[in-house]
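Below: one structure, written as structure tokens.
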Amino acid sequence: MEDKLVTLAILTYSKAQILKTVLENEGIEAYIHNVNLIQPIISSGVRVRIKESDLPHALKIIESSSWLASEVLEEKKVDKNQGAPKVLIPIDFSSYSLKACDMGFDIAAKLNAEVTLLHVYFSPIFIPSLHYDIDSYQIPPIEDVTSMKGMLENVHNQLNDLTKRVDEKIEKGEYAPVKYKCVLREGIPEEEILQIARSIKPVIIVMGTRGQSQKDLDLIGSVTAEVIDRSPCFVYAIPENAPYKNFDDIHNVALFTSFDQRDLLAFDSLITTFLHHNFKISFIHINAHEEKRAWNEVKLAGIKEYFKKQYPDLEFSYSTIEEENLLDNLDKYLSENNIDVMCTTNYKRNVFARLFNPSMARKMIFHSKTPILIIK
């Protein structure tokens with residue numbers, strides 16, 4: 001009697017293709033059903049089916065891969081920890097994103113949060129041989145299937161290597177025993193990062209500032225810039241040349257202010273989020289006009305006194321930086337004052353718009369070795 005087919009998993013198209021590739025590499029025939037042939041890349045509810053006799057072997061393969069087990073087996077379960085705080089860490093397997101991974105796990109431990117490791121990849125549409133003309137649908141010819149399968153297999157292997165690395169660090173005590181999972185998405189990186197941020201509502205996104213394919217050292221990665229601008233939560237951006245510091249090494253924080261009430265609210269948000277960590281706070285204003293300098297210093301002193309009353313255990317200082325030769329002046333200030341992190345908000349028409357405009361910001365984050373925390 002012919003072995004009947006059973007449904008192993010119901011996934012998005014991209015995940016179904018990766019699972020099919022993994023199974024076939026292990027000698028298990030796999031079939032994909034319920035695919036929109038005209039627009040397969042957007043198909044959801046795609047069924048991965050195998051022979052019933054192969055089911056035990058297939059389940060062992062899935063369970064042996066941490067990220068596959070999370071995506072395939074746990075997808076059907078109700079998340080009992082939906083209310084737990086989340087830390088989102090986008091990963092592209094570059095050294096910069098792995099540095100962000102180290103800091104992200106450290107922050108998660110301090111916030112008693114769970115970690116979501118997100119990898120986003122883009123690929124051409126992957127589809128098996130069709131019996132009709134495919135040119136009009138912009139589907140790649142069948143001779144490209146082998147290279148696409150290799151790309152999908154490479155993604156799977158890299159995710160497996162990442163989970164092994166994380167598990168080893170937890171076992172050795174280098175990472176706190178934080179609960180984590182890997183999530184795979186196909187699409188445009190910044191859009192997928194923002195979409196999952198809106199979905200899981202993390203406290204903070206921790207990411208490196210340079211992707212694996214970024215060539216221009218004068219520019220912050222466009223993915224990071226887009227996430228900073230549109231993120232619904234805190235974003236901690238780590239420059240490529242920043243020396244590694246764990247959360248407990250952060251003592252001196254510079255907070256840019258434009259004397260707006262929202263700056264005060266942003267500071268309250270910062271302190272409330274990291275309630276059990278004491279920072280030395282340096283309020284900084286960028287002087288644009290000589291005649292306003294004295295008045296700006298008065299307002300900075302007022303802000304300092306306000307927060308001293310609200311947070312008597314914190315140490316405050318205030319400074320102004322001239323807008324002329326801003327990059328050099330700021331870099332000098334950060335170095336002389338041993339600033340560990342620069343903080344600013346990203347509401348429109350404030351210091352963020354002036355300091356972190358498309359030309360300035362993308363030079364600043366590489367000009368400096370100091371991480372930037374965007375406060376929401």
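Naming scheme: A, B, ... for chains in displayed order of the structure tokens; residues 1 onward per chain; ligands 1 onward as shown.
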Which residues are near Asn160 (chain A)? Cut-off 9 Å, only C-alpha atoms, ignore same chain within fewer than 5 positions. Put them as a ChimeraX atom specification. /A:65-68,155,165
Excluding Ala30 (chain A) and residues on its chain fewer than 2 positions from it, collect all residues at most 6 Å away from it, counting only C-alpha atoms, and give them as a PyMOL selection string. chain A and resi 20+49-50
Selection from above, C-alpha atoms, as an mmCIF file, in the first residue's frame, can you write it?
```cif
data_model
loop_
_atom_site.group_PDB
_atom_site.id
_atom_site.type_symbol
_atom_site.label_atom_id
_atom_site.label_comp_id
_atom_site.auth_asym_id
_atom_site.auth_seq_id
_atom_site.Cartn_x
_atom_site.Cartn_y
_atom_site.Cartn_z
ATOM 1 C CA LYS A 20 11.506 21.502 2.531
ATOM 2 C CA ARG A 49 3.627 17.454 3.517
ATOM 3 C CA ILE A 50 5.681 14.280 3.873
#
```
Just want the 12 Å neighbourhood of Leu270 (chain A), counted on only C-alpha atoms, with same-chain residues fewer than 5 positions away dropped. Output as a VMD selection string. chain A and resid 203 to 204 233 to 235 253 255 263 to 265 275 to 279 281 343 to 345 373 to 376
Hey, can you check how far CA of Pro239 (chain A) sits from CA of Ile284 (chain A)? 20.7 Å
Find the residue from A:Ile170, A:Met207, A:Ala113, A:Val6 that sits nearest to Ser94 (chain A); use only C-alpha atoms when measuring.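 Counting only C-alpha atoms, the residue closest to Ser94 (chain A) is A:Met207.
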Skipping near chain neighbours, those fewer than 4 positions away, what residues fall within 10 Å of Leu98 (chain A) using only C-alpha atoms, listed as a PyMOL selection string? chain A and resi 89-94+102-104+162+207-208
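If only C-alpha atoms are the atoms counted, then among A:Val223, A:Ile303, A:Ile339, A:Ile286 the closest residue to Ser258 (chain A) is A:Ile286.
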Selection: 10 Å around Leu5 (chain A), only C-alpha atoms, excl. self and same-chain fewer than 5 positions, as an MDAnalysis selection string: chainID A and resid 30:31 48:55
Out of A:Glu71, A:Glu190, A:Glu24, A:Glu114, which residue has the shortest atom-to-atom distance to Pro177 (chain A) when counting only C-alpha atoms?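 Checking each candidate against Pro177 (chain A), we get A:Glu114 as the closest.
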What lies within 12 Å of Lys179 (chain A) using only C-alpha atoms, ignoring chain neighbours under 5 positions off, as a PDB file with C-alpha atoms, in the first residue's frame?
```pdb
ATOM      1  CA  SER A  70      10.680  27.396  17.565  1.00  0.00           C
ATOM      2  CA  ASN A  81       4.668  34.647  28.364  1.00  0.00           C
ATOM      3  CA  ALA A  84       6.902  39.386  29.481  1.00  0.00           C
ATOM      4  CA  PRO A  85       9.131  42.296  28.350  1.00  0.00           C
ATOM      5  CA  LYS A  86      10.901  41.725  25.042  1.00  0.00           C
ATOM      6  CA  VAL A  87      14.266  42.738  23.593  1.00  0.00           C
ATOM      7  CA  PHE A 105      21.250  39.601  26.051  1.00  0.00           C
ATOM      8  CA  ALA A 108      17.463  41.519  28.629  1.00  0.00           C
ATOM      9  CA  ALA A 109      18.937  40.051  31.813  1.00  0.00           C
ATOM     10  CA  ASN A 112      14.051  40.353  33.120  1.00  0.00           C
ATOM     11  CA  ALA A 113      13.052  40.245  29.466  1.00  0.00           C
ATOM     12  CA  GLU A 114      12.947  37.646  26.714  1.00  0.00           C
ATOM     13  CA  VAL A 115      15.031  37.965  23.557  1.00  0.00           C
ATOM     14  CA  THR A 116      13.799  37.703  19.987  1.00  0.00           C
ATOM     15  CA  LEU A 117      16.634  37.203  17.497  1.00  0.00           C
ATOM     16  CA  THR A 163      21.603  29.224  18.307  1.00  0.00           C
ATOM     17  CA  VAL A 166      23.990  31.452  22.168  1.00  0.00           C
ATOM     18  CA  ASP A 167      23.424  28.121  23.955  1.00  0.00           C
ATOM     19  CA  ILE A 170      24.524  30.566  28.313  1.00  0.00           C
TER      20      ILE A 170
END
```
Best match for closeness to Leu184 (chain A) among A:Leu334, A:Ile200, A:Ile62, A:Val120, counting only C-alpha atoms: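 Smallest distance to Leu184 (chain A) is found for A:Val120.
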Could you work out how far CA of Glu63 (chain A) lies from CA of Tyr175 (chain A), giving the answer in Å with one decimal? 22.7 Å
Set the distance at 9 Å and use only C-alpha atoms: which residues neighbour Ser231 (chain A) once local chain neighbours fewer than 5 positions away are removed? I'd like the list as an MDAnalysis selection string. chainID A and resid 193:194 197:198 205 226 376
Next, the residues of the selection above should be written as a PDB file, in the first residue's frame with C-alpha atoms.
```pdb
ATOM      1  CA  ILE A 193      12.132  44.747  11.780  1.00  0.00           C
ATOM      2  CA  LEU A 194       9.536  47.485  12.229  1.00  0.00           C
ATOM      3  CA  ALA A 197       8.492  45.486  16.630  1.00  0.00           C
ATOM      4  CA  ARG A 198       4.888  46.601  16.274  1.00  0.00           C
ATOM      5  CA  ILE A 205      15.699  47.169  19.736  1.00  0.00           C
ATOM      6  CA  GLU A 226      15.202  53.778   9.001  1.00  0.00           C
ATOM      7  CA  LYS A 376      10.708  56.987  22.837  1.00  0.00           C
TER       8      LYS A 376
END
```
Taking only C-alpha atoms into account, name the residue in A:Glu26, A:Glu168, A:Glu240, A:Asp161 that is nearest to Ala100 (chain A).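 Using only C-alpha atoms, Ala100 (chain A) sits closest to A:Glu240.
Of the residues listed (A:Asn154, A:Glu29, A:Ile196, A:Lys280), A:Lys280 shows the shortest atom-to-atom separation from Lys308 (chain A); distances use only C-alpha atoms.
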Return as JSON, numbers by chain the full set of residues in region 185-266 of chain A whose backbone-based DSSP assignment is strand (DSSP E). {"A": [185, 186, 204, 205, 206, 207, 208, 234, 235, 236, 237, 238, 252, 253, 254, 255, 256]}
